[in-house]
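Down below is the structure, laid out as structure tokens.
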Amino acid sequence: MSLIVWPAIDLKGGQVVRLAEGDMARATVYGDDPAAQARAFADQGAGHLHVVDLDGAFAGRAVNADAVEAIVAAFPGKVQLGGGIRDRAAIDRWLALGVDRIVIGTAALENPDLVREAARDLPGRIVVGVDARDGMVATRGWADVSTVAVADLAARFADAGVAALLFTDVGRDGMLKGCNVDATLALARRTTIPVIASGGVKGLADILALAGHVTDGIEGVITGRALYDGRLDLAEALTVARG
């Protein structure tokens, strides 16, 4: 088993951006051709790609659909998509268009039956997004913080057959503070569902640290700003992740 590295493409207004701490007003634009960025990651060896429709996360529906479709067409590997996917029709539409896995965040908290039914009908295709601020679940593009603890949300889906939990430390996302390995590992050890780390990756040390815990249930890591800023070389990260 090796750690999966997901380079991230976050979409806002059709552009490739990274946010600081999930704040839409603090977006840095890294390109205006998402499909070209997807091809670039593939050329560097990526077999997986994590895509987020940021506008969609706030709107509750697909906003950057054209960009997502272009990415899926351009990327030869597996695309994982999140952002505003809150009903079964949207899930089915994206899977039919070639997306490999769907990340459901807000709806997982507000409509858990949707997740359970989709995970049952679509084994291996549904990921629950567990976004946290100070240990509590954040929803609606991280704009709202609930009273539900991260571990409690994970426990709700322990027997649902979801493919993975995507754990994001919102306070670190896009901040290059280093991945919250301890919190990610604590979650992985409390559940039988594979956990994906996200938020704060700043360099190869984070990849190394997470790769050492694959047997503890950490499936992979999502990285964005570190790649775009040149702090992390994707090919090198992939090599380290493979052990």
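Identifiers for the structure tokens are assigned positionally: chains receive A, B, ... in sequence, residues are indexed from 1 per chain, and ligands are indexed from 1 in the order shown.
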Give me the residues within 8 Å of A:Ala154 as a ChimeraX atom specification, counting only C-alpha atoms and dropping any in the same chain fewer than 2 places off. /A:130,150-152,156-158,165,191
Got a sec: who's within 8 Å of A:Val127, counting only C-alpha atoms, leaving out chain neighbours fewer than 3 positions off, as JSON, numbers by chain? {"A": [101, 102, 103, 104, 162, 163, 164, 165, 166]}
Just write the chosen residues, N, CA and C atoms, as a short mmCIF file (atom, residue, chain, number, x, y, z; two decimals), in the first residue's frame.
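This is the output file part07.cif:
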```
data_model
loop_
_atom_site.label_atom_id
_atom_site.label_comp_id
_atom_site.auth_asym_id
_atom_site.auth_seq_id
_atom_site.Cartn_x
_atom_site.Cartn_y
_atom_site.Cartn_z
N ARG A 101 -14.81 9.70 -8.25
CA ARG A 101 -15.39 9.74 -6.91
C ARG A 101 -15.97 11.11 -6.62
N ILE A 102 -17.05 11.12 -5.85
CA ILE A 102 -17.76 12.34 -5.49
C ILE A 102 -17.56 12.61 -4.01
N VAL A 103 -17.17 13.86 -3.69
CA VAL A 103 -17.01 14.26 -2.30
C VAL A 103 -18.26 15.02 -1.86
N ILE A 104 -18.89 14.53 -0.80
CA ILE A 104 -20.10 15.17 -0.27
C ILE A 104 -19.79 15.69 1.12
N VAL A 162 -18.93 4.09 2.69
CA VAL A 162 -18.30 5.18 1.94
C VAL A 162 -16.84 4.82 1.65
N ALA A 163 -16.32 5.36 0.56
CA ALA A 163 -14.97 5.01 0.11
C ALA A 163 -13.90 5.60 1.01
N ALA A 164 -14.13 6.82 1.52
CA ALA A 164 -13.12 7.49 2.34
C ALA A 164 -13.73 8.68 3.05
N LEU A 165 -13.00 9.17 4.04
CA LEU A 165 -13.31 10.44 4.69
C LEU A 165 -12.23 11.43 4.27
N LEU A 166 -12.64 12.56 3.77
CA LEU A 166 -11.69 13.61 3.40
C LEU A 166 -11.65 14.62 4.52
#
```
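Proximity ranking of A:Ala57, A:Val72, A:Ala46, A:Ala36 relative to A:Trp6 places A:Ala46 first, based on only C-alpha atoms.
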Considering only C-alpha atoms, state which residue in the set A:Asp233, A:Leu122, A:Ala149, A:Arg242 is at the smallest distance from A:Gln44.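 Under the stated criterion, the closest residue is A:Asp233.
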When you look at A:Ala241 with a cut-off of 9 Å (counting only C-alpha atoms), what residues show up, excluding the ones that are within fewer than 6 positions of it in the same chain? I need them as a VMD selection string. chain A and resid 2 to 5 207 to 208 210 to 211 220
Expected file contents, prior selection, C-alpha atoms, as a CSV table (one decimal), in the first residue's frame:
```csv
chain,number,residue,atom,x,y,z
A,2,SER,CA,1.2,3.5,-0.9
A,3,LEU,CA,0.0,6.9,-0.1
A,4,ILE,CA,-2.2,8.5,-2.9
A,5,VAL,CA,-1.2,12.1,-3.7
A,207,ILE,CA,4.2,13.6,2.5
A,208,LEU,CA,6.8,11.6,4.4
A,210,LEU,CA,1.7,10.8,6.2
A,211,ALA,CA,3.2,8.0,4.2
A,220,GLY,CA,-3.8,9.8,0.8
```
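Of the listed residues A:Pro194, A:Gly105, A:Gly203, A:Gly45, the one whose atoms come nearest to A:Leu227 is A:Gly203, with distances taken using only C-alpha atoms.
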With DSSP run on the backbone, what are the alpha helix (DSSP H) residues within chain A? I'd like them as an MDAnalysis selection string. chainID A and resid 34:43 54:59 65:74 88:96 106:110 112:121 150:156 181:190 204:211 225:228 234:241
Put those residues in a file: C-alpha atoms, as a JSON list (two decimals), in the first residue's frame.
```json
[["chain", "number", "residue", "atom", "x", "y", "z"],
["A", 34, "PRO", "CA", -8.00, 24.38, -15.73],
["A", 35, "ALA", "CA", -7.69, 21.67, -18.39],
["A", 36, "ALA", "CA", -4.09, 22.70, -19.11],
["A", 37, "GLN", "CA", -3.34, 22.50, -15.38],
["A", 38, "ALA", "CA", -4.81, 19.00, -15.27],
["A", 39, "ARG", "CA", -2.63, 17.93, -18.18],
["A", 40, "ALA", "CA", 0.43, 19.43, -16.47],
["A", 41, "PHE", "CA", -0.20, 17.37, -13.34],
["A", 42, "ALA", "CA", -0.64, 14.25, -15.47],
["A", 43, "ASP", "CA", 2.64, 14.98, -17.25],
["A", 54, "LEU", "CA", -15.64, 26.56, -4.90],
["A", 55, "ASP", "CA", -18.46, 28.67, -6.28],
["A", 56, "GLY", "CA", -20.62, 25.56, -6.27],
["A", 57, "ALA", "CA", -19.87, 24.92, -2.60],
["A", 58, "PHE", "CA", -21.51, 28.24, -1.74],
["A", 59, "ALA", "CA", -24.29, 28.04, -4.33],
["A", 65, "ALA", "CA", -19.38, 22.76, -14.72],
["A", 66, "ASP", "CA", -17.71, 23.62, -18.03],
["A", 67, "ALA", "CA", -14.28, 23.78, -16.39],
["A", 68, "VAL", "CA", -14.84, 20.49, -14.56],
["A", 69, "GLU", "CA", -15.90, 18.76, -17.77],
["A", 70, "ALA", "CA", -12.79, 20.09, -19.54],
["A", 71, "ILE", "CA", -10.60, 18.78, -16.71],
["A", 72, "VAL", "CA", -12.18, 15.33, -16.83],
["A", 73, "ALA", "CA", -11.68, 15.21, -20.60],
["A", 74, "ALA", "CA", -8.04, 16.31, -20.30],
["A", 88, "ARG", "CA", -28.53, 12.25, -6.23],
["A", 89, "ALA", "CA", -29.10, 13.73, -9.69],
["A", 90, "ALA", "CA", -25.85, 15.72, -9.42],
["A", 91, "ILE", "CA", -23.95, 12.65, -8.20],
["A", 92, "ASP", "CA", -25.20, 10.50, -11.06],
["A", 93, "ARG", "CA", -24.56, 13.21, -13.64],
["A", 94, "TRP", "CA", -20.91, 13.66, -12.67],
["A", 95, "LEU", "CA", -20.20, 9.95, -12.49],
["A", 96, "ALA", "CA", -21.75, 9.51, -15.94],
["A", 106, "THR", "CA", -22.54, 19.84, 3.53],
["A", 107, "ALA", "CA", -25.13, 17.26, 2.49],
["A", 108, "ALA", "CA", -23.40, 14.62, 4.60],
["A", 109, "LEU", "CA", -24.33, 16.62, 7.68],
["A", 110, "GLU", "CA", -27.70, 17.89, 6.53],
["A", 112, "PRO", "CA", -27.08, 11.75, 5.68],
["A", 113, "ASP", "CA", -29.58, 9.47, 3.96],
["A", 114, "LEU", "CA", -28.34, 10.79, 0.61],
["A", 115, "VAL", "CA", -24.83, 9.62, 1.46],
["A", 116, "ARG", "CA", -25.97, 6.25, 2.75],
["A", 117, "GLU", "CA", -28.11, 5.51, -0.30],
["A", 118, "ALA", "CA", -25.46, 6.69, -2.77],
["A", 119, "ALA", "CA", -22.70, 4.74, -1.00],
["A", 120, "ARG", "CA", -24.87, 1.62, -1.05],
["A", 121, "ASP", "CA", -25.73, 1.96, -4.74],
["A", 150, "VAL", "CA", -15.50, 15.56, 13.55],
["A", 151, "ALA", "CA", -15.34, 12.13, 15.18],
["A", 152, "ASP", "CA", -19.13, 12.10, 15.63],
["A", 153, "LEU", "CA", -19.76, 12.81, 11.96],
["A", 154, "ALA", "CA", -17.33, 10.06, 10.97],
["A", 155, "ALA", "CA", -19.09, 7.62, 13.30],
["A", 156, "ARG", "CA", -22.42, 8.27, 11.58],
["A", 181, "VAL", "CA", -0.92, 14.91, 10.84],
["A", 182, "ASP", "CA", -1.88, 14.34, 14.49],
["A", 183, "ALA", "CA", -5.56, 15.17, 14.00],
["A", 184, "THR", "CA", -5.71, 13.20, 10.75],
["A", 185, "LEU", "CA", -4.10, 10.18, 12.39],
["A", 186, "ALA", "CA", -6.40, 10.42, 15.42],
["A", 187, "LEU", "CA", -9.43, 10.33, 13.11],
["A", 188, "ALA", "CA", -7.99, 7.43, 11.09],
["A", 189, "ARG", "CA", -7.47, 5.42, 14.26],
["A", 190, "ARG", "CA", -11.05, 6.03, 15.41],
["A", 204, "LEU", "CA", 7.96, 16.92, 1.32],
["A", 205, "ALA", "CA", 8.09, 16.46, 5.10],
["A", 206, "ASP", "CA", 4.29, 16.33, 5.19],
["A", 207, "ILE", "CA", 4.21, 13.63, 2.51],
["A", 208, "LEU", "CA", 6.82, 11.61, 4.39],
["A", 209, "ALA", "CA", 4.95, 11.92, 7.68],
["A", 210, "LEU", "CA", 1.65, 10.80, 6.20],
["A", 211, "ALA", "CA", 3.21, 7.98, 4.16],
["A", 225, "ARG", "CA", -0.63, 25.77, -2.81],
["A", 226, "ALA", "CA", 2.67, 24.00, -2.08],
["A", 227, "LEU", "CA", 2.67, 22.71, -5.67],
["A", 228, "TYR", "CA", 1.64, 26.00, -7.23],
["A", 234, "LEU", "CA", 4.97, 16.67, -7.54],
["A", 235, "ALA", "CA", 7.17, 14.00, -9.12],
["A", 236, "GLU", "CA", 9.29, 13.85, -5.97],
["A", 237, "ALA", "CA", 6.20, 13.72, -3.77],
["A", 238, "LEU", "CA", 4.81, 10.82, -5.80],
["A", 239, "THR", "CA", 8.09, 8.94, -5.44],
["A", 240, "VAL", "CA", 8.12, 9.43, -1.66],
["A", 241, "ALA", "CA", 4.45, 8.46, -1.41]]
```
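Minimum atom-to-atom distances from A:Asp229, A:Asp32, A:Asp87, A:Asp53 to A:Leu176 were compared using only C-alpha atoms, and the lowest value belongs to A:Asp229.
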Running DSSP on the backbone, which parts of stretch 14-89 of chain A land in strand (DSSP E or B), as a short mmCIF file (atom, residue, chain, number, x, y, z; two decimals) with C-alpha atoms, in the first residue's frame?
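Result written to result.cif:
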```cif
data_model
loop_
_atom_site.label_atom_id
_atom_site.label_comp_id
_atom_site.auth_asym_id
_atom_site.auth_seq_id
_atom_site.Cartn_x
_atom_site.Cartn_y
_atom_site.Cartn_z
CA GLN A 15 -10.01 30.03 -12.93
CA VAL A 16 -7.57 27.88 -10.98
CA VAL A 17 -7.24 29.42 -7.51
CA ARG A 18 -6.20 28.67 -3.95
CA LEU A 19 -7.97 30.16 -0.96
CA ALA A 20 -6.49 31.07 2.42
CA ASP A 23 -12.00 32.55 2.54
CA MET A 24 -13.34 33.35 -0.94
CA ALA A 25 -12.14 36.95 -0.55
CA ARG A 26 -8.56 35.68 -0.12
CA ALA A 27 -8.15 33.84 -3.41
CA THR A 28 -4.87 33.67 -5.33
CA VAL A 29 -5.29 32.99 -9.05
CA TYR A 30 -2.82 30.49 -10.51
CA GLY A 31 -4.20 30.10 -14.02
CA HIS A 48 -5.30 11.13 -9.30
CA LEU A 49 -6.70 14.66 -9.25
CA HIS A 50 -8.85 16.46 -6.68
CA VAL A 51 -11.17 19.13 -8.09
CA VAL A 52 -13.36 21.53 -6.12
CA ASP A 53 -16.04 23.82 -7.52
CA LYS A 78 -9.00 9.42 -11.76
CA VAL A 79 -10.78 12.66 -10.85
CA GLN A 80 -12.32 13.22 -7.42
CA LEU A 81 -14.85 16.07 -7.38
CA GLY A 82 -16.47 18.12 -4.63
#
```
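Atom to atom, atom CA of A:Gly161 and atom CA of A:Val99 stand 18.7 Å apart.
With only C-alpha atoms as the atoms that count, the residue of A:Glu21, A:Ala160, A:Lys12, A:Pro123 with the shortest distance to A:Asp33 is A:Lys12.
Of the listed residues A:Val201, A:Leu11, A:Met1, A:Met136, the one whose atoms come nearest to A:Glu219 is A:Met1, with distances taken using only C-alpha atoms.
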